[in-house]
file work-v9.pdb (PDB, C-alpha atoms)
ATOM      1  CA  MET A   1       0.000   0.000   0.000
ATOM      2  CA  SER A   2       1.432   3.368  -0.992
ATOM      3  CA  THR A   3       1.999   6.133   1.581
ATOM      4  CA  GLU A   4      -0.902   8.196   0.279
ATOM      5  CA  ALA A   5      -3.265   5.241   0.131
ATOM      6  CA  HIS A   6      -2.334   4.376   3.693
ATOM      7  CA  ALA A   7      -2.841   7.976   4.695
ATOM      8  CA  ILE A   8      -6.423   8.210   3.503
ATOM      9  CA  GLU A   9      -7.428   4.853   4.927
ATOM     10  CA  SER A  10      -9.996   5.425   7.684
ATOM     11  CA  HIS A  11      -8.821   3.890  10.924
ATOM     12  CA  VAL A  12     -10.133   3.211  14.393
ATOM     13  CA  GLU A  13      -7.462   1.899  16.754
ATOM     14  CA  ALA A  14      -9.425   1.511  19.997
ATOM     15  CA  PRO A  15     -12.028  -1.151  20.853
ATOM     16  CA  ALA A  16     -15.691  -0.106  21.227
ATOM     17  CA  SER A  17     -15.528  -0.602  25.012
ATOM     18  CA  THR A  18     -12.936   2.199  25.248
ATOM     19  CA  PHE A  19     -15.354   4.644  23.616
ATOM     20  CA  VAL A  20     -18.176   3.533  25.920
ATOM     21  CA  TRP A  21     -15.961   4.132  28.975
ATOM     22  CA  VAL A  22     -14.980   7.576  27.675
ATOM     23  CA  TRP A  23     -18.690   8.349  27.221
ATOM     24  CA  VAL A  24     -19.422   7.175  30.779
ATOM     25  CA  GLY A  25     -16.615   9.454  31.996
ATOM     26  CA  LEU A  26     -18.042  12.423  30.081
ATOM     27  CA  VAL A  27     -21.521  11.845  31.528
ATOM     28  CA  ALA A  28     -20.038  11.488  35.038
ATOM     29  CA  ILE A  29     -18.156  14.804  34.704
ATOM     30  CA  THR A  30     -21.364  16.451  33.442
ATOM     31  CA  GLY A  31     -23.197  15.047  36.481
ATOM     32  CA  PHE A  32     -20.545  16.508  38.795
ATOM     33  CA  GLU A  33     -20.857  19.905  37.086
ATOM     34  CA  VAL A  34     -24.639  19.868  37.561
ATOM     35  CA  PHE A  35     -24.170  18.842  41.214
ATOM     36  CA  LEU A  36     -21.860  21.858  41.741
ATOM     37  CA  ALA A  37     -24.555  24.141  40.315
ATOM     38  CA  TYR A  38     -27.259  22.470  42.418
ATOM     39  CA  ALA A  39     -25.302  22.508  45.689
ATOM     40  CA  HIS A  40     -24.385  26.189  45.260
ATOM     41  CA  LEU A  41     -21.490  25.845  47.720
ATOM     42  CA  LEU A  42     -18.754  27.740  45.875
ATOM     43  CA  ARG A  43     -18.071  31.408  45.144
ATOM     44  CA  PRO A  44     -18.804  32.278  41.451
ATOM     45  CA  GLU A  45     -15.088  32.825  40.637
ATOM     46  CA  LEU A  46     -14.122  29.413  42.072
ATOM     47  CA  MET A  47     -17.143  27.780  40.449
ATOM     48  CA  LEU A  48     -16.166  29.285  37.057
ATOM     49  CA  THR A  49     -12.575  28.064  37.434
ATOM     50  CA  ILE A  50     -13.649  24.516  38.310
ATOM     51  CA  LEU A  51     -16.279  24.367  35.554
ATOM     52  CA  LEU A  52     -13.788  25.610  32.956
ATOM     53  CA  GLY A  53     -11.208  23.061  34.146
ATOM     54  CA  LEU A  54     -13.758  20.240  33.851
ATOM     55  CA  SER A  55     -14.798  21.489  30.386
ATOM     56  CA  VAL A  56     -11.167  21.405  29.221
ATOM     57  CA  ILE A  57     -10.892  17.794  30.496
ATOM     58  CA  LYS A  58     -14.096  16.887  28.614
ATOM     59  CA  ALA A  59     -12.828  18.612  25.455
ATOM     60  CA  ALA A  60      -9.518  16.730  25.725
ATOM     61  CA  LEU A  61     -11.364  13.397  26.083
ATOM     62  CA  ILE A  62     -13.576  14.139  23.069
ATOM     63  CA  MET A  63     -10.644  15.258  20.915
ATOM     64  CA  SER A  64      -8.377  12.390  21.992
ATOM     65  CA  TYR A  65     -10.792   9.488  21.664
ATOM     66  CA  PHE A  66     -13.946  10.462  19.743
ATOM     67  CA  MET A  67     -12.000  12.602  17.231
ATOM     68  CA  HIS A  68      -9.110  10.079  17.228
ATOM     69  CA  LEU A  69      -6.436  12.741  17.801
ATOM     70  CA  LYS A  70      -4.706  10.316  20.193
ATOM     71  CA  PHE A  71      -4.194   7.955  17.260
ATOM     72  CA  GLU A  72      -2.965  10.581  14.793
ATOM     73  CA  ARG A  73       0.635  11.700  14.313
ATOM     74  CA  LEU A  74       2.067  13.847  17.094
ATOM     75  CA  SER A  75       3.028  16.446  14.484
ATOM     76  CA  LEU A  76      -0.681  17.125  13.819
ATOM     77  CA  VAL A  77      -1.387  17.676  17.531
ATOM     78  CA  LEU A  78       1.644  19.964  17.859
ATOM     79  CA  TRP A  79       0.529  21.906  14.808
ATOM     80  CA  LEU A  80      -3.122  22.413  15.797
ATOM     81  CA  VAL A  81      -3.403  22.617  19.577
ATOM     82  CA  PRO A  82      -0.677  25.168  20.521
ATOM     83  CA  ALA A  83      -1.926  27.530  17.769
ATOM     84  CA  LEU A  84      -5.467  27.358  19.145
ATOM     85  CA  VAL A  85      -4.340  27.842  22.752
ATOM     86  CA  PHE A  86      -2.121  30.792  21.742
ATOM     87  CA  CYS A  87      -4.990  32.537  19.911
ATOM     88  CA  ILE A  88      -7.352  32.064  22.868
ATOM     89  CA  CYS A  89      -4.683  33.424  25.258
ATOM     90  CA  MET A  90      -4.294  36.483  23.014
ATOM     91  CA  MET A  91      -8.056  37.068  23.235
ATOM     92  CA  LEU A  92      -7.852  36.920  27.033
ATOM     93  CA  VAL A  93      -4.897  39.328  27.433
ATOM     94  CA  LEU A  94      -7.099  42.383  27.961
ATOM     95  CA  PHE A  95     -10.123  40.559  29.361
ATOM     96  CA  PHE A  96      -9.890  41.186  33.111
ATOM     97  CA  PRO A  97      -8.414  44.716  33.260
ATOM     98  CA  ASP A  98     -10.742  45.979  30.528
ATOM     99  CA  SER A  99     -14.012  44.424  31.698
ATOM    100  CA  GLY A 100     -13.183  45.488  35.283
ATOM    101  CA  ARG A 101     -12.565  49.047  34.076
ATOM    102  CA  LEU A 102     -16.012  49.090  32.414
ATOM    103  CA  LEU A 103     -17.555  48.129  35.745
ATOM    104  CA  HIS A 104     -16.041  51.213  37.431
ATOM    105  CA  MET A 105     -16.958  53.534  34.529
ATOM    106  CA  ARG A 106     -20.694  52.930  34.936
ATOM    107  CA  PRO A 107     -22.663  56.055  35.968
ATOM    108  CA  HIS A 108     -23.933  55.849  39.544
TER     109      HIS A 108
ATOM    110  CA  MET B   1      13.686  -1.017  -6.963
ATOM    111  CA  HIS B   2      15.858   2.026  -6.178
ATOM    112  CA  GLN B   3      14.276   5.477  -6.158
ATOM    113  CA  THR B   4      15.847   8.272  -8.127
ATOM    114  CA  ASP B   5      16.710  11.470  -6.224
ATOM    115  CA  ARG B   6      13.690  13.205  -7.744
ATOM    116  CA  GLU B   7      11.331  10.394  -6.714
ATOM    117  CA  ALA B   8      12.782  10.385  -3.212
ATOM    118  CA  THR B   9      12.183  14.130  -2.927
ATOM    119  CA  LEU B  10       8.602  13.855  -4.130
ATOM    120  CA  THR B  11       7.744  11.191  -1.553
ATOM    121  CA  SER B  12       9.553  12.826   1.353
ATOM    122  CA  ALA B  13       7.352  14.410   4.018
ATOM    123  CA  TRP B  14       9.685  17.386   4.442
ATOM    124  CA  ALA B  15       9.712  18.028   0.696
ATOM    125  CA  GLY B  16       5.935  18.208   0.640
ATOM    126  CA  GLY B  17       5.701  15.257  -1.677
ATOM    127  CA  ALA B  18       3.965  13.041   0.866
ATOM    128  CA  SER B  19       1.182  13.775   3.346
ATOM    129  CA  PRO B  20       3.111  15.055   6.389
ATOM    130  CA  PHE B  21       0.292  14.184   8.789
ATOM    131  CA  ALA B  22      -0.474  10.808   7.155
ATOM    132  CA  MET B  23      -4.065  11.755   6.428
ATOM    133  CA  GLY B  24      -6.152  12.668   3.417
ATOM    134  CA  SER B  25      -6.841  16.237   2.364
ATOM    135  CA  LYS B  26     -10.543  16.031   3.372
ATOM    136  CA  LYS B  27      -9.689  15.134   6.947
ATOM    137  CA  LEU B  28      -6.958  17.756   7.164
ATOM    138  CA  GLY B  29      -9.361  20.344   5.738
ATOM    139  CA  MET B  30     -11.964  19.443   8.361
ATOM    140  CA  TRP B  31      -9.383  19.809  11.147
ATOM    141  CA  LEU B  32      -8.464  23.271   9.840
ATOM    142  CA  PHE B  33     -12.151  24.230   9.705
ATOM    143  CA  ILE B  34     -12.633  22.949  13.264
ATOM    144  CA  ILE B  35      -9.738  25.056  14.554
ATOM    145  CA  SER B  36     -11.030  28.204  12.830
ATOM    146  CA  ASP B  37     -14.594  27.563  14.031
ATOM    147  CA  SER B  38     -13.263  26.962  17.561
ATOM    148  CA  LEU B  39     -11.923  30.509  17.476
ATOM    149  CA  THR B  40     -15.362  31.828  16.437
ATOM    150  CA  PHE B  41     -17.004  30.158  19.429
ATOM    151  CA  SER B  42     -14.113  31.199  21.689
ATOM    152  CA  VAL B  43     -14.700  34.844  20.750
ATOM    153  CA  LEU B  44     -18.419  34.518  21.488
ATOM    154  CA  LEU B  45     -17.921  32.780  24.834
ATOM    155  CA  ILE B  46     -15.204  35.225  25.902
ATOM    156  CA  SER B  47     -17.497  38.111  24.867
ATOM    157  CA  TYR B  48     -20.295  36.578  26.950
ATOM    158  CA  ASN B  49     -18.091  36.448  30.025
ATOM    159  CA  TYR B  50     -16.693  39.925  29.307
ATOM    160  CA  LEU B  51     -20.232  41.364  29.297
ATOM    161  CA  ARG B  52     -21.159  39.377  32.367
ATOM    162  CA  PHE B  53     -18.075  40.547  34.272
ATOM    163  CA  ALA B  54     -18.721  44.196  33.260
ATOM    164  CA  ASN B  55     -22.435  44.213  34.187
ATOM    165  CA  PRO B  56     -23.381  43.906  37.865
ATOM    166  CA  ASP B  57     -27.054  43.402  36.926
ATOM    167  CA  TRP B  58     -26.365  40.397  34.676
ATOM    168  CA  PRO B  59     -29.520  38.222  34.574
ATOM    169  CA  LEU B  60     -29.618  34.780  36.209
ATOM    170  CA  PRO B  61     -32.710  33.478  34.414
ATOM    171  CA  PHE B  62     -32.388  29.695  34.814
ATOM    172  CA  PRO B  63     -34.077  28.038  37.827
ATOM    173  CA  PHE B  64     -32.586  24.618  38.586
ATOM    174  CA  HIS B  65     -35.927  23.019  37.817
ATOM    175  CA  PRO B  66     -36.906  22.957  34.968
ATOM    176  CA  SER B  67     -34.179  24.928  33.065
ATOM    177  CA  ILE B  68     -30.993  23.199  34.286
ATOM    178  CA  VAL B  69     -32.605  19.742  34.349
ATOM    179  CA  PHE B  70     -33.783  20.372  30.782
ATOM    180  CA  SER B  71     -30.382  21.555  29.524
ATOM    181  CA  THR B  72     -28.711  18.590  31.278
ATOM    182  CA  VAL B  73     -30.949  16.224  29.320
ATOM    183  CA  MET B  74     -29.934  18.104  26.136
ATOM    184  CA  THR B  75     -26.256  17.617  27.060
ATOM    185  CA  VAL B  76     -26.670  13.870  27.627
ATOM    186  CA  VAL B  77     -28.575  13.539  24.318
ATOM    187  CA  LEU B  78     -25.734  15.276  22.453
ATOM    188  CA  LEU B  79     -23.100  13.156  24.219
ATOM    189  CA  PHE B  80     -25.040  10.009  23.348
ATOM    190  CA  SER B  81     -25.196  11.065  19.697
ATOM    191  CA  SER B  82     -21.395  11.401  19.755
ATOM    192  CA  LEU B  83     -21.129   7.799  20.990
ATOM    193  CA  THR B  84     -23.382   6.545  18.183
ATOM    194  CA  MET B  85     -21.256   8.532  15.687
ATOM    195  CA  VAL B  86     -18.069   6.870  16.983
ATOM    196  CA  MET B  87     -19.748   3.479  16.495
ATOM    197  CA  GLY B  88     -20.740   4.554  12.985
ATOM    198  CA  VAL B  89     -17.162   5.526  12.106
ATOM    199  CA  ALA B  90     -15.890   2.193  13.480
ATOM    200  CA  ALA B  91     -18.504   0.277  11.461
ATOM    201  CA  ALA B  92     -17.532   2.243   8.330
ATOM    202  CA  ALA B  93     -13.852   1.359   8.873
ATOM    203  CA  ARG B  94     -14.903  -2.324   8.958
ATOM    204  CA  ARG B  95     -16.870  -1.694   5.711
ATOM    205  CA  GLU B  96     -20.148  -2.702   7.408
ATOM    206  CA  ARG B  97     -22.346  -0.512   5.269
ATOM    207  CA  ARG B  98     -25.747  -1.323   6.771
ATOM    208  CA  LYS B  99     -24.589  -0.934  10.384
ATOM    209  CA  THR B 100     -22.876   2.353   9.529
ATOM    210  CA  VAL B 101     -26.090   3.788   8.087
ATOM    211  CA  TRP B 102     -28.062   2.768  11.189
ATOM    212  CA  TRP B 103     -25.515   4.307  13.561
ATOM    213  CA  ILE B 104     -25.526   7.545  11.550
ATOM    214  CA  LEU B 105     -29.342   7.582  11.581
ATOM    215  CA  ALA B 106     -29.248   7.191  15.389
ATOM    216  CA  THR B 107     -26.820  10.137  15.537
ATOM    217  CA  MET B 108     -29.147  12.227  13.373
ATOM    218  CA  ALA B 109     -32.075  11.332  15.661
ATOM    219  CA  GLY B 110     -30.026  12.563  18.649
ATOM    220  CA  GLY B 111     -29.254  15.806  16.834
ATOM    221  CA  ALA B 112     -32.897  16.335  15.859
ATOM    222  CA  LEU B 113     -33.991  15.668  19.455
ATOM    223  CA  PHE B 114     -31.414  18.180  20.715
ATOM    224  CA  ILE B 115     -32.755  20.841  18.311
ATOM    225  CA  GLY B 116     -36.344  20.101  19.374
ATOM    226  CA  LEU B 117     -35.496  20.402  23.080
ATOM    227  CA  HIS B 118     -33.499  23.575  22.472
ATOM    228  CA  LEU B 119     -36.302  25.233  20.520
ATOM    229  CA  THR B 120     -38.742  24.319  23.305
ATOM    230  CA  GLU B 121     -36.444  26.028  25.797
ATOM    231  CA  TRP B 122     -36.085  29.101  23.548
ATOM    232  CA  LEU B 123     -39.881  29.407  23.244
ATOM    233  CA  HIS B 124     -40.201  29.143  27.022
ATOM    234  CA  LEU B 125     -37.674  31.982  27.521
ATOM    235  CA  ILE B 126     -39.313  34.101  24.783
ATOM    236  CA  GLY B 127     -42.631  33.532  26.576
ATOM    237  CA  GLU B 128     -41.045  34.910  29.752
ATOM    238  CA  GLY B 129     -40.101  38.120  27.880
ATOM    239  CA  LEU B 130     -36.539  37.443  26.665
ATOM    240  CA  ARG B 131     -35.759  39.400  23.476
ATOM    241  CA  PRO B 132     -32.418  40.094  21.713
ATOM    242  CA  PHE B 133     -32.164  43.591  23.204
ATOM    243  CA  SER B 134     -34.440  43.493  26.244
ATOM    244  CA  ASN B 135     -35.467  41.209  29.061
ATOM    245  CA  PRO B 136     -37.347  41.576  32.347
ATOM    246  CA  TRP B 137     -34.360  40.546  34.530
ATOM    247  CA  GLY B 138     -31.435  42.958  33.994
ATOM    248  CA  ALA B 139     -28.691  43.829  31.458
ATOM    249  CA  PRO B 140     -30.491  44.083  28.065
ATOM    250  CA  LEU B 141     -27.552  42.615  26.092
ATOM    251  CA  PHE B 142     -28.085  39.217  27.712
ATOM    252  CA  GLY B 143     -30.654  38.247  25.036
ATOM    253  CA  ALA B 144     -28.364  39.160  22.120
ATOM    254  CA  ILE B 145     -25.394  37.144  23.342
ATOM    255  CA  PHE B 146     -27.565  34.250  24.583
ATOM    256  CA  PHE B 147     -29.427  33.891  21.286
ATOM    257  CA  GLY B 148     -26.160  34.530  19.392
ATOM    258  CA  ILE B 149     -24.222  31.709  21.059
ATOM    259  CA  THR B 150     -26.986  29.128  21.358
ATOM    260  CA  GLY B 151     -28.396  30.039  17.928
ATOM    261  CA  LEU B 152     -25.037  29.622  16.204
ATOM    262  CA  HIS B 153     -24.545  26.299  17.969
ATOM    263  CA  MET B 154     -28.041  25.134  17.019
ATOM    264  CA  THR B 155     -27.306  26.119  13.391
ATOM    265  CA  HIS B 156     -24.188  23.942  13.525
ATOM    266  CA  VAL B 157     -26.259  21.033  14.863
ATOM    267  CA  ALA B 158     -28.868  21.505  12.098
ATOM    268  CA  ILE B 159     -26.154  21.632   9.413
ATOM    269  CA  GLY B 160     -24.601  18.528  11.007
ATOM    270  CA  VAL B 161     -27.893  16.599  10.784
ATOM    271  CA  ILE B 162     -28.196  17.490   7.061
ATOM    272  CA  TYR B 163     -24.503  16.661   6.457
ATOM    273  CA  LEU B 164     -24.879  13.274   8.166
ATOM    274  CA  GLY B 165     -28.018  12.596   6.125
ATOM    275  CA  ILE B 166     -26.074  13.142   2.892
ATOM    276  CA  ILE B 167     -23.176  10.999   4.145
ATOM    277  CA  SER B 168     -25.454   8.131   5.226
ATOM    278  CA  ILE B 169     -27.215   8.063   1.841
ATOM    279  CA  GLY B 170     -23.898   8.258  -0.054
ATOM    280  CA  PHE B 171     -22.174   5.623   2.091
ATOM    281  CA  GLY B 172     -25.232   3.359   1.921
ATOM    282  CA  ARG B 173     -25.073   3.522  -1.878
ATOM    283  CA  GLY B 174     -21.324   2.935  -1.941
ATOM    284  CA  LYS B 175     -20.481   6.402  -3.266
ATOM    285  CA  PHE B 176     -18.637   7.630  -0.171
ATOM    286  CA  SER B 177     -15.599   6.100   1.518
ATOM    287  CA  PRO B 178     -15.037   5.320   5.227
ATOM    288  CA  GLU B 179     -12.864   8.447   5.294
ATOM    289  CA  ASP B 180     -15.917  10.558   4.370
ATOM    290  CA  VAL B 181     -17.791   9.070   7.335
ATOM    291  CA  GLU B 182     -14.821   9.776   9.618
ATOM    292  CA  VAL B 183     -14.623  13.406   8.417
ATOM    293  CA  SER B 184     -18.359  13.920   9.080
ATOM    294  CA  GLY B 185     -17.783  12.361  12.514
ATOM    295  CA  LEU B 186     -15.075  14.951  13.234
ATOM    296  CA  TYR B 187     -17.601  17.718  12.537
ATOM    297  CA  TRP B 188     -20.251  16.106  14.747
ATOM    298  CA  HIS B 189     -17.863  15.639  17.685
ATOM    299  CA  PHE B 190     -16.785  19.268  17.337
ATOM    300  CA  VAL B 191     -20.422  20.374  17.696
ATOM    301  CA  ASP B 192     -20.605  18.218  20.840
ATOM    302  CA  LEU B 193     -17.317  19.680  22.113
ATOM    303  CA  VAL B 194     -18.564  23.273  21.754
ATOM    304  CA  TRP B 195     -21.647  22.464  23.835
ATOM    305  CA  MET B 196     -19.329  21.186  26.610
ATOM    306  CA  PHE B 197     -18.311  24.852  27.046
ATOM    307  CA  VAL B 198     -21.686  26.496  26.331
ATOM    308  CA  PHE B 199     -23.528  24.371  28.917
ATOM    309  CA  PRO B 200     -21.437  25.319  31.995
ATOM    310  CA  LEU B 201     -20.646  28.911  30.969
ATOM    311  CA  VAL B 202     -24.119  29.966  29.836
ATOM    312  CA  TYR B 203     -26.407  27.703  31.877
ATOM    313  CA  LEU B 204     -24.666  26.416  35.013
ATOM    314  CA  MET B 205     -23.151  29.829  35.790
ATOM    315  CA  SER B 206     -26.582  31.502  35.492
ATOM    316  CA  VAL B 207     -28.684  29.444  37.894
ATOM    317  CA  LYS B 208     -31.411  31.378  39.682
ATOM    318  CA  TYR B 209     -31.429  30.314  43.339
ATOM    319  CA  ILE B 210     -34.731  31.090  45.029
TER     320      ILE B 210
END

call {"tool": "encode", "arguments": {"input": "work-v9.pdb", "output": "structure tokens"}}
result
Amino acid sequence: MSTEAHAIESHVEAPASTFVWVWVGLVAITGFEVFLAYAHLLRPELMLTILLGLSVIKAALIMSYFMHLKFERLSLVLWLVPALVFCICMMLVLFFPDSGRLLHMRPH
Amino acid sequence: MHQTDREATLTSAWAGGASPFAMGSKKLGMWLFIISDSLTFSVLLISYNYLRFANPDWPLPFPFHPSIVFSTVMTVVLLFSSLTMVMGVAAAARRERRKTVWWILATMAGGALFIGLHLTEWLHLIGEGLRPFSNPWGAPLFGAIFFGITGLHMTHVAIGVIYLGIISIGFGRGKFSPEDVEVSGLYWHFVDLVWMFVFPLVYLMSVKYI
């Protein structure tokens, strides 16, 4: 099989049970998120931090297993993910000082 | 058989002659689309939080019951449709045409159910007075950004259902390859992935505690 033919061959490297377990994990994390909202125990800033952290874990699971990124070449991951993270960080550079400034500029 | 220098160059990854990521152009194109679309949703979600942080009277319109319970069901439905899509991609890789079509149809049913539930929730909020530039609870921009984010996501889900419909018909008739099914799966999982950020940021962070 030529390189190109091998390249375009669709492939699934993990057994079905792996995907089911990943799905169970995703539902469990979602359940924990909903519990946090229901219990209302945390300050909003802490709640936001934890929810965002859990969302990143869920996104990583979906990309790794459901989107098969775990089974692709490392060069693809290194090409796509750091670029995305860098762009999002650039969007956030002015987020807190600027939105906080707006809060203090409101007429009283 | 020995390769000539020219042939060796044309098949070398660094020379651009071979696929450097060992994947077809359709799949690579979908990954590039996903990254660019991720930035679109990132901008919207960051804008949502920017507005929320800058407005002390930001509305908290979602009571735990029924709003959060409802949106949790929507989340599980979307996650389940991702699982059926994974099974569909695996069946396509094994060239099991009939099974693949059934798994894709199950995924489409999940997507259609998600859209139905979401529209029901929208109508409920509209009934309570939520409009793009006004609402009875606080900062008027809430409606614009809420409908903007959830509407764009719902549009992606609707496009995904149509896309999967075309893929299932084409694969069922032998016109599309397993790679086409895998590429459509990438799109569907991306739609699921975006909701994993919309659900906590828009819904769980806006619970109305009575």

call {"tool": "axis_aligned_box", "arguments": {"input": "work-v9.pdb", "around": "segment 37-41 of chain B", "padding_each_side": "6 Å", "output": "lines of an AutoDock Vina configuration file"}}
result
center_x = -14.5
center_y = 29.4
center_z = 16.7
size_x = 17.1
size_y = 16.9
size_z = 17.4

call {"tool": "residues_around", "arguments": {"input": "work-v9.pdb", "residues": "Phe171 of chain B", "least_positions_apart": "3", "cutoff": "10 Å", "atoms": "all atoms listed in the file", "output": "number ranges by chain"}}
result
B: 92, 95, 97-98, 100-101, 165-168, 174-178, 180-181

call {"tool": "closest_residue", "arguments": {"input": "work-v9.pdb", "among": "A:Leu80, A:Leu94, A:Leu103, A:Ala60", "to": "Gly25 of chain A", "atoms": "all atoms listed in the file"}}
result
A:Ala60

call {"tool": "resolve_selection", "arguments": {"input": "work-v9.pdb", "expression": "the PyMOL selection byres ((chain B) within 8 of (chain A))", "output": "mmCIF file with C-alpha atoms, keeping the file's coordinate frame"}}
result
data_model
loop_
_atom_site.group_PDB
_atom_site.id
_atom_site.type_symbol
_atom_site.label_atom_id
_atom_site.label_comp_id
_atom_site.auth_asym_id
_atom_site.auth_seq_id
_atom_site.Cartn_x
_atom_site.Cartn_y
_atom_site.Cartn_z
ATOM 1 C CA ALA B 18 3.965 13.041 0.866
ATOM 2 C CA SER B 19 1.182 13.775 3.346
ATOM 3 C CA PHE B 21 0.292 14.184 8.789
ATOM 4 C CA ALA B 22 -0.474 10.808 7.155
ATOM 5 C CA MET B 23 -4.065 11.755 6.428
ATOM 6 C CA GLY B 24 -6.152 12.668 3.417
ATOM 7 C CA ILE B 35 -9.738 25.056 14.554
ATOM 8 C CA SER B 38 -13.263 26.962 17.561
ATOM 9 C CA LEU B 39 -11.923 30.509 17.476
ATOM 10 C CA SER B 42 -14.113 31.199 21.689
ATOM 11 C CA VAL B 43 -14.700 34.844 20.750
ATOM 12 C CA ILE B 46 -15.204 35.225 25.902
ATOM 13 C CA TYR B 50 -16.693 39.925 29.307
ATOM 14 C CA LEU B 51 -20.232 41.364 29.297
ATOM 15 C CA PHE B 53 -18.075 40.547 34.272
ATOM 16 C CA ALA B 54 -18.721 44.196 33.260
ATOM 17 C CA ASN B 55 -22.435 44.213 34.187
ATOM 18 C CA PRO B 56 -23.381 43.906 37.865
ATOM 19 C CA PHE B 64 -32.586 24.618 38.586
ATOM 20 C CA ILE B 68 -30.993 23.199 34.286
ATOM 21 C CA THR B 72 -28.711 18.590 31.278
ATOM 22 C CA VAL B 76 -26.670 13.870 27.627
ATOM 23 C CA LEU B 79 -23.100 13.156 24.219
ATOM 24 C CA PHE B 80 -25.040 10.009 23.348
ATOM 25 C CA SER B 82 -21.395 11.401 19.755
ATOM 26 C CA LEU B 83 -21.129 7.799 20.990
ATOM 27 C CA VAL B 86 -18.069 6.870 16.983
ATOM 28 C CA MET B 87 -19.748 3.479 16.495
ATOM 29 C CA VAL B 89 -17.162 5.526 12.106
ATOM 30 C CA ALA B 90 -15.890 2.193 13.480
ATOM 31 C CA ALA B 93 -13.852 1.359 8.873
ATOM 32 C CA PRO B 178 -15.037 5.320 5.227
ATOM 33 C CA GLU B 179 -12.864 8.447 5.294
ATOM 34 C CA GLU B 182 -14.821 9.776 9.618
ATOM 35 C CA GLY B 185 -17.783 12.361 12.514
ATOM 36 C CA LEU B 186 -15.075 14.951 13.234
ATOM 37 C CA HIS B 189 -17.863 15.639 17.685
ATOM 38 C CA LEU B 193 -17.317 19.680 22.113
ATOM 39 C CA MET B 196 -19.329 21.186 26.610
ATOM 40 C CA PHE B 197 -18.311 24.852 27.046
ATOM 41 C CA PRO B 200 -21.437 25.319 31.995
ATOM 42 C CA LEU B 201 -20.646 28.911 30.969
ATOM 43 C CA LEU B 204 -24.666 26.416 35.013
ATOM 44 C CA MET B 205 -23.151 29.829 35.790
ATOM 45 C CA VAL B 207 -28.684 29.444 37.894
#

call {"tool": "closest_residue", "arguments": {"input": "work-v9.pdb", "among": "A:Ile29, A:Pro97, A:Leu41, A:Leu69", "to": "Gly53 of chain A", "atoms": "all atoms listed in the file"}}
result
A:Ile29

call {"tool": "residues_around", "arguments": {"input": "work-v9.pdb", "residues": "Ile115 of chain B", "least_positions_apart": "5", "cutoff": "12 Å", "atoms": "all atoms listed in the file", "output": "mmCIF file with C-alpha atoms, keeping the file's coordinate frame"}}
result
data_model
loop_
_atom_site.group_PDB
_atom_site.id
_atom_site.type_symbol
_atom_site.label_atom_id
_atom_site.label_comp_id
_atom_site.auth_asym_id
_atom_site.auth_seq_id
_atom_site.Cartn_x
_atom_site.Cartn_y
_atom_site.Cartn_z
ATOM 1 C CA SER B 71 -30.382 21.555 29.524
ATOM 2 C CA MET B 74 -29.934 18.104 26.136
ATOM 3 C CA THR B 75 -26.256 17.617 27.060
ATOM 4 C CA VAL B 77 -28.575 13.539 24.318
ATOM 5 C CA LEU B 78 -25.734 15.276 22.453
ATOM 6 C CA MET B 108 -29.147 12.227 13.373
ATOM 7 C CA ALA B 109 -32.075 11.332 15.661
ATOM 8 C CA GLY B 110 -30.026 12.563 18.649
ATOM 9 C CA THR B 120 -38.742 24.319 23.305
ATOM 10 C CA GLU B 121 -36.444 26.028 25.797
ATOM 11 C CA TRP B 122 -36.085 29.101 23.548
ATOM 12 C CA THR B 150 -26.986 29.128 21.358
ATOM 13 C CA GLY B 151 -28.396 30.039 17.928
ATOM 14 C CA LEU B 152 -25.037 29.622 16.204
ATOM 15 C CA HIS B 153 -24.545 26.299 17.969
ATOM 16 C CA MET B 154 -28.041 25.134 17.019
ATOM 17 C CA THR B 155 -27.306 26.119 13.391
ATOM 18 C CA HIS B 156 -24.188 23.942 13.525
ATOM 19 C CA VAL B 157 -26.259 21.033 14.863
ATOM 20 C CA ALA B 158 -28.868 21.505 12.098
ATOM 21 C CA ILE B 159 -26.154 21.632 9.413
ATOM 22 C CA GLY B 160 -24.601 18.528 11.007
ATOM 23 C CA VAL B 161 -27.893 16.599 10.784
#

call {"tool": "atom_distance", "arguments": {"input": "work-v9.pdb", "atom1": "atom CA of Val194 of chain B", "atom2": "atom CA of Phe41 of chain B"}}
result
7.4 Å

call {"tool": "atom_distance", "arguments": {"input": "work-v9.pdb", "atom1": "atom CA of Pro59 of chain B", "atom2": "atom CA of Trp137 of chain B"}}
result
5.4 Å

call {"tool": "atom_distance", "arguments": {"input": "work-v9.pdb", "atom1": "atom CA of Leu105 of chain B", "atom2": "atom CA of Ser36 of chain B"}}
result
27.6 Å

call {"tool": "closest_residue", "arguments": {"input": "work-v9.pdb", "among": "A:Ser64, A:Phe32, A:Cys89, A:Pro82", "to": "Thr18 of chain A", "atoms": "all atoms listed in the file"}}
result
A:Ser64
